[in-house]
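Asker: Supplied in structure tokens, the structure appears directly below.
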Amino acid sequence: MNDKILDGKKLADKLNSELKIQINKTVKKTGIIPKLATILVGKDPASRVYLNIKNRTSAQVGISSIIIELEENITKVKLLEKIDRLNNDHTIHGILLQLPLPESLKLYTLEFLNKISPLKDVDGLNPVNKGKLYDYNEELAPCTPKGIIALLEHYNIRIKGKDAVIINRSNLVGKPLIFMLLKRNATVSICHTSTIDINNYIKNADLLVVAVRKPKFITKERIKEGVVIIDVGINRVEGKLCGDVDFDDVFDKCGAITPSPGGVGPLTVHFLLHNSFITYKKLLNLTEM
Ligand SMILES: NC(=O)c1ccc[n+]([C@@H]2O[C@H](COP(=O)([O-])OP(=O)(O)OC[C@H]3O[C@@H](n4cnc5c(N)ncnc54)[C@H](OP(=O)(O)O)[C@@H]3O)[C@@H](O)[C@H]2O)c1
């Protein structure tokens with residue numbers, strides 16, 4: 001039964017241990033500890049929980065992590081200035097702007113992301129790094145799609161020639177994943193709220209990636225026998241976390257599935273730290289480690 005479960009937590013633990021060794025070795029040579037700065041605007045409790053997990057894991061792998069907490073009513077100009085100061089601070093090797101921003105600033109999200117130096121862009125959301133992904137350069141690709149690909153490859157799940165359906169078109173999940181799956185020769189379809197006859201896409205998917213913010217969105221009646229399901233969703237229902245897929249319902253019918261929590265989430269955190277190590281090495285001109 002368990003060989004059907006794509007255990008993201010277990011893989012992330014292994015990758016974090018390997019990263020820790022690499023970071024240790026590098027810091028011994030350079031004497032400089034990698035430092036990641038996260039900007040948190042406002043007091044979104046979900047963002048705070050997520051940042052605490054990131055901070056804990058950073059410390060475990062040897063990355064120093066600071067959170068810059070800013071008032072919800074900070075102006076656009078002040079936030080841009082703050083990002084610029086971090087761009088010019090040579091002690092900072094990675095910058096993360098925690099999303100979503102408060103309503104008053106949401107409109108300017110792209111402007112803020114564009115301001116982050118592409119050399120410190122650990123989330124892969126600056127246009128330079130987005131553009132590189134268009135050419136299949138995944139070096140600083142967004143962390144969640146990186147985690148999904150790592151999981152599929154770790155479990156030797158064939159991507160080439162498969163019909164992959166992604167239900168999500170956000171910058172953090174669906175859009176970057178298109179290029180990563182295309183690079184590996186899948187045939188990729190993207191579904192969203194305007195997709196007509198979404199059931200037809202779901203029913204024909206060999207690989208189904210779901211990130212819709214809706215618990216139990218995917219049930220066994222909707223899927224094909226043997227489909228590999230990546231449940232990216234994280235929802236809180238009656239105080240408990242769950243994904244977008246009815247895990248127990250689909251389990252017997254699917255070929256493999258990620259749990260949520262314990263699937264994609266821990267890998268997202270790993271790849272944030274992995275990307276931070278990449279930016280650190282680039283900024284220090286360390287070619288080979
Ligand atoms: N595990 C992780 O590490 C991780 C990382 C990132 C996000 N997440 C989780 O993934 C989920 C999505 O995050 P996000 O930031 O990408 O969210 P988002 O920007 O709100 O995107 C949700 C996507 O789902 C689509 N959608 C919603 N309802 C739908 C429906 N009934 N039929 C078809 N498509 C539908 C939306 O379509 P439209 O574009 O048409 O609105 C949109 O593309 C959240 O639960 C989030 O917590 C998890």
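How things are named: the first chain in the structure tokens is A, the next is B, and so on; residues count from 1 in each chain; ligands count from 1 in the order shown.
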For Asn156 of chain A, find every residue with an atom within 12 Å (counting only C-alpha atoms), except residues of its own chain fewer than 6 positions away, and show them as a ChimeraX atom specification.

Answerer: /A:3,6,149-150,228,256

Asker: Please produce an output containing N, CA and C atoms for each residue in the selection, written as a compact mmCIF listing (two decimals), in the first residue's frame.

Answerer:
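Once everything was written out, this is selection.txt:
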```txt
# COMPACT_ATOMS: atom_id res chain seq x y z
N ASP A 3 3.74 1.85 -1.16
CA ASP A 3 4.54 2.22 -2.33
C ASP A 3 3.77 3.13 -3.28
N LEU A 6 3.69 9.02 -2.45
CA LEU A 6 4.89 9.79 -2.79
C LEU A 6 5.22 10.66 -1.57
N ILE A 149 8.77 18.11 -9.46
CA ILE A 149 9.63 17.36 -10.39
C ILE A 149 10.58 16.45 -9.62
N ALA A 150 11.14 16.95 -8.53
CA ALA A 150 12.06 16.13 -7.73
C ALA A 150 11.36 14.87 -7.23
N VAL A 228 -1.36 9.30 -11.70
CA VAL A 228 -0.47 9.78 -10.63
C VAL A 228 -0.98 11.16 -10.21
N ALA A 256 -0.45 6.45 -7.93
CA ALA A 256 0.42 7.02 -6.88
C ALA A 256 -0.15 8.37 -6.49
```

Asker: Show me which residues line ligand 1, defined as having an atom within 9 Å of a ligand atom where only C-alpha atoms and all ligand atoms count, and present them as a VMD selection string.

Answerer: chain A and resid 99 to 100 143 to 145 147 167 to 174 190 to 195 198 210 to 215 217 231 to 235 243 to 244 260 to 269

Asker: For the residues in the current selection, export C-alpha atoms as an mmCIF file, in the first residue's frame.

Answerer:
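To be explicit, this is the file written out as result_6.cif:
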```cif
data_model
loop_
_atom_site.group_PDB
_atom_site.id
_atom_site.type_symbol
_atom_site.label_atom_id
_atom_site.label_comp_id
_atom_site.auth_asym_id
_atom_site.auth_seq_id
_atom_site.Cartn_x
_atom_site.Cartn_y
_atom_site.Cartn_z
ATOM 1 C CA LEU A 99 2.922 36.456 -0.685
ATOM 2 C CA PRO A 100 0.071 37.255 -0.680
ATOM 3 C CA CYS A 143 10.294 26.116 -5.445
ATOM 4 C CA THR A 144 6.965 24.237 -5.601
ATOM 5 C CA PRO A 145 7.324 23.032 -9.216
ATOM 6 C CA GLY A 147 9.665 20.009 -5.586
ATOM 7 C CA ILE A 167 -5.418 22.533 -12.460
ATOM 8 C CA ASN A 168 -3.881 25.879 -11.540
ATOM 9 C CA ARG A 169 -2.374 28.738 -13.547
ATOM 10 C CA SER A 170 -0.648 30.768 -10.831
ATOM 11 C CA ASN A 171 2.910 32.104 -11.133
ATOM 12 C CA LEU A 172 4.011 29.966 -8.204
ATOM 13 C CA VAL A 173 2.612 26.623 -9.337
ATOM 14 C CA GLY A 174 0.927 26.056 -12.708
ATOM 15 C CA ILE A 190 -3.693 23.723 -17.983
ATOM 16 C CA CYS A 191 -7.158 23.992 -16.449
ATOM 17 C CA HIS A 192 -8.668 26.908 -14.541
ATOM 18 C CA THR A 193 -12.041 28.382 -13.650
ATOM 19 C CA SER A 194 -12.915 29.134 -17.290
ATOM 20 C CA THR A 195 -12.091 25.651 -18.561
ATOM 21 C CA ILE A 198 -12.847 20.190 -16.929
ATOM 22 C CA VAL A 210 -4.144 19.948 -8.358
ATOM 23 C CA ALA A 211 -3.832 23.323 -6.585
ATOM 24 C CA VAL A 212 -7.295 24.905 -6.400
ATOM 25 C CA ARG A 213 -7.803 25.699 -2.693
ATOM 26 C CA LYS A 214 -10.814 23.333 -2.506
ATOM 27 C CA PRO A 215 -10.874 20.292 -0.224
ATOM 28 C CA PHE A 217 -12.136 18.699 -5.295
ATOM 29 C CA ASP A 231 -1.978 17.277 -4.477
ATOM 30 C CA VAL A 232 -0.460 20.721 -3.972
ATOM 31 C CA GLY A 233 -3.416 22.151 -2.067
ATOM 32 C CA ILE A 234 -3.183 23.050 1.601
ATOM 33 C CA ASN A 235 -6.526 23.730 3.268
ATOM 34 C CA GLY A 243 -5.236 18.895 0.350
ATOM 35 C CA ASP A 244 -7.547 19.336 -2.632
ATOM 36 C CA SER A 260 -1.170 16.646 1.998
ATOM 37 C CA PRO A 261 0.330 17.605 4.387
ATOM 38 C CA GLY A 262 3.603 15.702 3.987
ATOM 39 C CA GLY A 263 3.822 15.780 0.183
ATOM 40 C CA VAL A 264 4.793 18.826 -1.840
ATOM 41 C CA GLY A 265 5.035 21.250 1.129
ATOM 42 C CA PRO A 266 8.306 20.011 2.682
ATOM 43 C CA LEU A 267 9.899 19.937 -0.782
ATOM 44 C CA THR A 268 8.859 23.537 -1.431
ATOM 45 C CA VAL A 269 10.741 24.522 1.720
#
```

Asker: So that I can see what lies close to Arg184 of chain A, please list as a VMD selection string the residues with an atom at most 7 Å from it, counting only C-alpha atoms and leaving out residues fewer than 2 positions away in the same chain.

Answerer: chain A and resid 159 to 160 180 to 182 186

Asker: Output as JSON, numbers by chain all residues of segment 88-197 of chain A that backbone DSSP marks as strand (DSSP E or B).

Answerer: {"A": [94, 95, 96, 97, 121, 163, 164, 165, 166, 167, 187, 188, 189, 190, 191]}

Asker: Please dump the current selection as a compact mmCIF listing (two decimals), in the first residue's frame; keep C-alpha atoms.

Answerer:
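Just written: result.txt:
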```
# COMPACT_ATOMS: atom_id res chain seq x y z
CA GLY A 94 18.66 35.73 -1.00
CA ILE A 95 15.46 37.78 -0.82
CA LEU A 96 11.96 36.39 -0.47
CA LEU A 97 8.84 38.52 -0.52
CA ASP A 121 15.60 35.95 -6.38
CA ASP A 163 -0.83 13.49 -20.59
CA ALA A 164 -0.22 15.89 -17.72
CA VAL A 165 -3.09 18.05 -16.49
CA ILE A 166 -2.41 20.94 -14.12
CA ILE A 167 -5.42 22.53 -12.46
CA THR A 187 1.85 16.75 -23.18
CA VAL A 188 0.62 19.48 -20.87
CA SER A 189 -2.88 20.90 -20.37
CA ILE A 190 -3.69 23.72 -17.98
CA CYS A 191 -7.16 23.99 -16.45
```

Asker: Pick from A:Val250, A:Leu107, A:Ala46, A:Ile230: nearest to Ile218 of chain A, with only C-alpha atoms counted?

Answerer: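 Looking at the shortest contact to Ile218 of chain A, the residue is A:Val250.
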
Asker: Which residues in segment 19-248 of chain A does DSSP call alpha helix (DSSP H)? List them as a PyMOL selection string.

Answerer: chain A and resi 19-30+45-61+76-88+103-106+109-115+127-134+143-154+174-183+198-204+247-248
